[in-house]
file input03.txt (compact mmCIF, C-alpha atoms)
# COMPACT_ATOMS: atom_id res chain seq x y z
CA MET A 4 64.67 4.59 13.59
CA ASP A 5 65.51 7.49 11.32
CA PRO A 6 67.07 6.01 8.13
CA LEU A 7 69.88 8.58 8.23
CA VAL A 8 70.80 7.61 11.82
CA ALA A 9 70.50 3.92 10.95
CA SER A 10 72.80 4.16 7.93
CA ALA A 11 75.29 6.37 9.80
CA SER A 12 75.31 3.86 12.66
CA VAL A 13 76.02 0.93 10.35
CA ILE A 14 78.89 2.84 8.69
CA ALA A 15 80.24 3.90 12.09
CA ALA A 16 80.02 0.31 13.39
CA SER A 17 81.95 -1.07 10.42
CA LEU A 18 84.58 1.67 10.73
CA ALA A 19 84.91 1.08 14.49
CA VAL A 20 85.60 -2.64 14.08
CA GLY A 21 87.80 -2.22 11.02
CA LEU A 22 89.97 0.58 12.36
CA ALA A 23 90.19 -0.94 15.86
CA ALA A 24 91.43 -4.22 14.40
CA ILE A 25 94.30 -2.76 12.33
CA GLY A 26 96.73 -1.83 15.12
CA PRO A 27 96.20 -4.85 17.38
CA GLY A 28 96.27 -7.13 14.33
CA ILE A 29 99.70 -5.90 13.28
CA GLY A 30 100.93 -5.93 16.89
CA GLN A 31 99.68 -9.45 17.59
CA GLY A 32 101.19 -10.76 14.38
CA ASN A 33 104.56 -9.23 15.20
CA ALA A 34 104.51 -10.40 18.81
CA SER A 35 103.49 -13.97 17.94
CA GLY A 36 106.06 -14.21 15.15
CA LYS A 37 108.88 -12.99 17.36
CA ALA A 38 107.76 -15.28 20.19
CA VAL A 39 107.85 -18.34 17.93
CA GLU A 40 111.29 -17.26 16.67
CA GLY A 41 112.45 -16.89 20.26
CA ILE A 42 111.14 -20.34 21.20
CA ALA A 43 112.90 -21.86 18.19
CA ARG A 44 116.17 -20.24 19.29
CA GLN A 45 115.81 -20.96 22.99
CA PRO A 46 113.44 -23.88 23.62
CA GLU A 47 114.46 -23.91 27.30
CA ALA A 48 112.84 -20.47 27.74
CA GLU A 49 109.57 -21.56 26.15
CA GLY A 50 107.45 -21.18 29.27
CA LYS A 51 108.70 -17.68 29.97
CA ILE A 52 108.24 -16.56 26.34
CA ARG A 53 104.73 -17.99 26.11
CA GLY A 54 103.81 -16.38 29.43
CA THR A 55 104.95 -12.97 28.25
CA LEU A 56 103.13 -13.52 24.96
CA LEU A 57 99.91 -14.37 26.80
CA LEU A 58 100.08 -11.15 28.81
CA THR A 59 100.86 -8.96 25.80
CA LEU A 60 98.19 -10.60 23.64
CA ALA A 61 95.58 -10.12 26.37
CA PHE A 62 96.44 -6.43 26.53
CA MET A 63 96.45 -6.02 22.76
CA GLU A 64 93.24 -7.92 22.14
CA SER A 65 91.34 -5.71 24.56
CA LEU A 66 91.91 -2.82 22.12
CA THR A 67 89.98 -4.76 19.48
CA ILE A 68 87.31 -5.49 22.07
CA TYR A 69 86.74 -1.79 22.75
CA GLY A 70 86.00 -1.18 19.06
CA LEU A 71 83.83 -4.28 18.99
CA VAL A 72 81.76 -3.07 21.95
CA ILE A 73 81.15 0.30 20.30
CA SER A 74 80.05 -1.32 17.05
CA LEU A 75 77.81 -3.90 18.75
CA VAL A 76 76.15 -1.21 20.86
CA LEU A 77 75.60 0.90 17.74
CA LEU A 78 74.04 -2.07 15.95
CA PHE A 79 71.95 -3.68 18.68
CA ALA A 80 71.34 -1.04 21.39
CA ASN A 81 71.76 2.24 19.58
CA PRO A 82 71.43 5.15 22.06
CA LEU A 83 70.93 7.61 19.17
CA ALA A 84 67.84 5.87 17.81
CA MET B 11 97.40 -31.83 35.57
CA ASP B 12 97.04 -33.34 32.06
CA GLU B 13 99.37 -30.66 30.74
CA LYS B 14 102.11 -31.76 33.17
CA ASP B 15 101.65 -35.36 32.06
CA ASP B 16 101.91 -34.25 28.42
CA ALA B 17 105.19 -32.48 29.19
CA GLN B 18 106.61 -35.62 30.85
CA VAL B 19 105.52 -37.86 27.96
CA ALA B 20 107.06 -35.39 25.48
CA SER B 21 110.42 -35.34 27.25
CA THR B 22 110.55 -39.17 27.45
CA ASP B 23 109.61 -39.43 23.76
CA ALA B 24 112.35 -36.98 22.81
CA SER B 25 114.99 -38.87 24.80
CA ALA B 26 113.88 -42.19 23.33
CA THR B 27 113.84 -41.17 19.68
CA GLY B 28 116.57 -38.53 19.67
CA PHE B 29 114.33 -36.04 17.87
CA ILE B 30 113.17 -32.72 19.26
CA SER B 31 109.56 -33.22 20.19
CA PRO B 32 107.00 -30.60 19.15
CA GLU B 33 105.11 -31.39 22.37
CA PRO B 34 105.30 -29.24 25.52
CA HIS B 35 108.77 -28.66 26.97
CA SER B 36 109.45 -29.00 30.70
CA SER B 37 109.90 -25.19 30.90
CA MET B 38 106.19 -24.97 30.14
CA GLU B 39 105.63 -25.57 33.86
CA GLU B 40 106.28 -21.86 34.30
CA TYR B 41 103.60 -21.04 31.75
CA TYR B 42 101.01 -23.28 33.40
CA GLN B 43 101.88 -21.73 36.75
CA LEU B 44 101.31 -18.24 35.29
CA GLN B 45 97.99 -19.40 33.87
CA ASN B 46 96.88 -20.73 37.26
CA GLU B 47 98.02 -17.56 39.03
CA LEU B 48 96.09 -15.36 36.59
CA LEU B 49 93.02 -17.55 36.96
CA LEU B 50 93.15 -17.42 40.75
CA LEU B 51 93.70 -13.67 40.75
CA THR B 52 90.75 -13.17 38.39
CA LEU B 53 88.50 -15.36 40.53
CA LEU B 54 89.54 -13.49 43.66
CA LEU B 55 88.83 -10.10 42.06
CA MET B 56 85.56 -11.47 40.72
CA VAL B 57 84.33 -12.52 44.17
CA VAL B 58 85.41 -9.24 45.81
CA THR B 59 83.80 -7.09 43.09
CA PHE B 60 80.65 -9.23 43.02
CA ILE B 61 80.07 -8.66 46.74
CA SER B 62 80.92 -4.93 46.45
CA VAL B 63 78.50 -4.45 43.53
CA TRP B 64 75.81 -6.39 45.40
CA MET B 65 76.17 -4.07 48.40
CA ALA B 66 76.49 -0.84 46.37
CA TYR B 67 73.83 -1.52 43.72
CA SER B 68 71.57 -4.57 43.61
CA LEU B 69 71.62 -8.34 43.25
CA ASN B 70 70.45 -8.03 39.65
CA THR B 71 73.37 -5.77 38.69
CA SER B 72 75.85 -7.98 40.54
CA LEU B 73 74.54 -11.07 38.74
CA ASN B 74 74.97 -9.23 35.45
CA TYR B 75 78.52 -8.47 36.53
CA LEU B 76 79.04 -12.13 37.40
CA ILE B 77 77.95 -13.25 33.92
CA GLY B 78 80.49 -10.90 32.36
CA ALA B 79 83.24 -11.93 34.76
CA CYS B 80 82.65 -15.65 34.10
CA SER B 81 82.83 -14.97 30.37
CA GLY B 82 86.09 -13.10 30.98
CA VAL B 83 87.54 -16.14 32.74
CA VAL B 84 86.51 -18.41 29.85
CA TYR B 85 87.99 -15.86 27.41
CA LEU B 86 91.30 -15.86 29.28
CA LYS B 87 91.33 -19.67 29.31
CA LEU B 88 90.70 -19.80 25.55
CA LEU B 89 93.42 -17.23 24.90
CA ALA B 90 95.87 -19.16 27.08
CA ARG B 91 95.07 -22.39 25.24
CA SER B 92 95.50 -20.61 21.92
CA VAL B 93 98.92 -19.26 23.00
CA ALA B 94 99.96 -22.73 24.24
CA GLN B 95 99.13 -24.23 20.84
CA LEU B 96 100.91 -21.48 18.89
CA GLY B 97 103.72 -22.95 16.82
CA ARG B 98 102.56 -26.54 17.50
CA GLN B 99 99.11 -27.31 16.11
CA LYS B 100 98.37 -23.75 15.00
CA SER B 101 100.34 -21.06 13.20
CA LYS B 102 98.19 -18.16 14.40
CA VAL B 103 96.36 -17.09 17.51
CA GLY B 104 92.72 -18.22 17.30
CA LYS B 105 89.77 -15.89 17.29
CA ASN B 106 87.29 -18.17 19.07
CA GLN B 107 87.57 -16.04 22.19
CA LEU B 108 86.28 -12.99 20.29
CA ALA B 109 83.26 -14.99 19.11
CA LEU B 110 82.49 -15.66 22.77
CA PHE B 111 82.57 -11.94 23.52
CA ILE B 112 80.41 -11.05 20.50
CA GLY B 113 77.85 -13.67 21.56
CA LEU B 114 77.82 -12.31 25.10
CA ILE B 115 77.23 -8.68 24.07
CA VAL B 116 74.59 -9.63 21.48
CA ILE B 117 72.71 -11.65 24.13
CA ALA B 118 73.07 -8.74 26.59
CA THR B 119 71.51 -6.35 24.09
CA GLN B 120 68.65 -8.71 23.18
CA VAL B 121 67.58 -9.95 26.63
CA GLU B 122 65.76 -7.29 28.64
CA GLN B 123 66.94 -8.46 32.07
CA LEU B 124 70.57 -8.05 31.09
CA GLN B 125 72.49 -4.76 31.14
CA ILE B 126 75.42 -4.06 28.87
CA VAL B 127 77.61 -1.94 31.16
CA PRO B 128 77.90 -4.36 34.14
CA ILE B 129 78.45 -7.28 31.77
CA PHE B 130 81.16 -5.44 29.86
CA LEU B 131 82.88 -4.23 33.04
CA GLY B 132 82.61 -7.75 34.44
CA PHE B 133 84.27 -9.05 31.31
CA LEU B 134 87.16 -6.63 31.91
CA THR B 135 87.85 -8.19 35.34
CA TYR B 136 90.48 -10.40 33.72
CA LYS B 137 92.29 -7.27 32.59
CA ALA B 138 92.35 -5.87 36.12
CA ALA B 139 93.82 -9.21 37.22
CA LEU B 140 96.48 -8.93 34.50
CA ILE B 141 97.42 -5.43 35.66
CA ALA B 142 97.55 -6.61 39.28
CA TYR B 143 99.76 -9.52 38.23
CA MET B 144 102.10 -7.17 36.33
CA PHE B 145 102.44 -4.91 39.38
CA LYS B 146 103.10 -7.95 41.56
CA ALA B 147 105.76 -9.20 39.12
CA LEU B 148 107.36 -5.73 38.97
CA SER B 149 107.46 -5.43 42.75
CA THR B 150 109.17 -8.82 43.17
CA THR B 151 111.91 -8.09 40.60
call {"tool": "encode", "arguments": {"input": "input03.txt", "output": "structure tokens"}}
result
Amino acid sequence: MDPLVASASVIAASLAVGLAAIGPGIGQGNASGKAVEGIARQPEAEGKIRGTLLLTLAFMESLTIYGLVISLVLLFANPLA
Amino acid sequence: MDEKDDAQVASTDASATGFISPEPHSSMEEYYQLQNELLLLTLLLMVVTFISVWMAYSLNTSLNYLIGACSGVVYLKLLARSVAQLGRQKSKVGKNQLALFIGLIVIATQVEQLQIVPIFLGFLTYKAALIAYMFKALSTT
């Protein structure tokens, strides 16, 4: 592999994971914190709150996964090499 | 079924001691029901897509899809367990499920018989199930 392509791929992979994790990380932290607050206030609605949290976390975490896929493909199955 | 037993034990403990138990509340039934519904929906989509891919492409591609879809189901299970433990044993949502995905993609890139795209799309089956569940929930309300 061309050293320039290899180094650019490694930098791109690290940026893809890092940048893709920022938004979902903040979102997941906020959602989980608010959910725990909600459960503490209304323990009788725990099931409903946790269910909604599961759905939102699954949606948010897939954003991180997209970045992860790009970086793993760049590192292990680089189409530019 | 163990989860239901846990909820019953927790409620009896709470009534006996007078303290609020950190164990599962009886309202958690709703959560376990949601989990089961999502799992069933994912399995249903998985079977339908597996057969469709087999007919449209080949058995090899459909088996690749199946590997991804099974990993997606395990991922969803791990995420659900992580959410169920949030605020009890753990203070944050675990990242074990991401390790599973990283392992899957790394194996897919290293083994020649495996293809990345069907495995990745198979992994996303759980997301299609989530969207289907959301539409179902919206249509009933």
call {"tool": "interface_residues", "arguments": {"input": "input03.txt", "of": "chain B", "to": "chain A", "cutoff": "8 Å", "atoms": "only C-alpha atoms", "output": "ChimeraX atom specification"}}
result
/B:35-42,44-45,86,89-90,93-94,96-97,102-103,108,112,115-116,119-120,137,140
call {"tool": "atom_distance", "arguments": {"input": "input03.txt", "atom1": "CA of Phe145 (chain B)", "atom2": "CA of Arg44 (chain A)"}}
result
28.8 Å
call {"tool": "closest_residue", "arguments": {"input": "input03.txt", "among": "A:Met63, A:Asn33, A:Gln45, A:Gly70", "to": "Ala16 (chain A)", "atoms": "all atoms listed in the file"}}
result
A:Gly70
call {"tool": "residues_around", "arguments": {"input": "input03.txt", "residues": "Thr52 (chain B)", "least_positions_apart": "4", "cutoff": "10 Å", "atoms": "only C-alpha atoms", "output": "number ranges by chain"}}
result
B: 46-48, 56-58, 79-80, 82-83, 86, 134-140, 142-143
call {"tool": "axis_aligned_box", "arguments": {"input": "input03.txt", "around": "region 75-83 of chain B", "padding_each_side": "6 Å", "output": "lines of an AutoDock Vina configuration file"}}
result
center_x = 82.7
center_y = -12.3
center_z = 33.9
size_x = 21.6
size_y = 19.7
size_z = 19.0
call {"tool": "atom_distance", "arguments": {"input": "input03.txt", "atom1": "CA of Gly78 (chain B)", "atom2": "CA of Phe130 (chain B)"}}
result
6.0 Å
call {"tool": "atom_distance", "arguments": {"input": "input03.txt", "atom1": "CA of Asn106 (chain B)", "atom2": "CA of Ala15 (chain A)"}}
result
24.2 Å
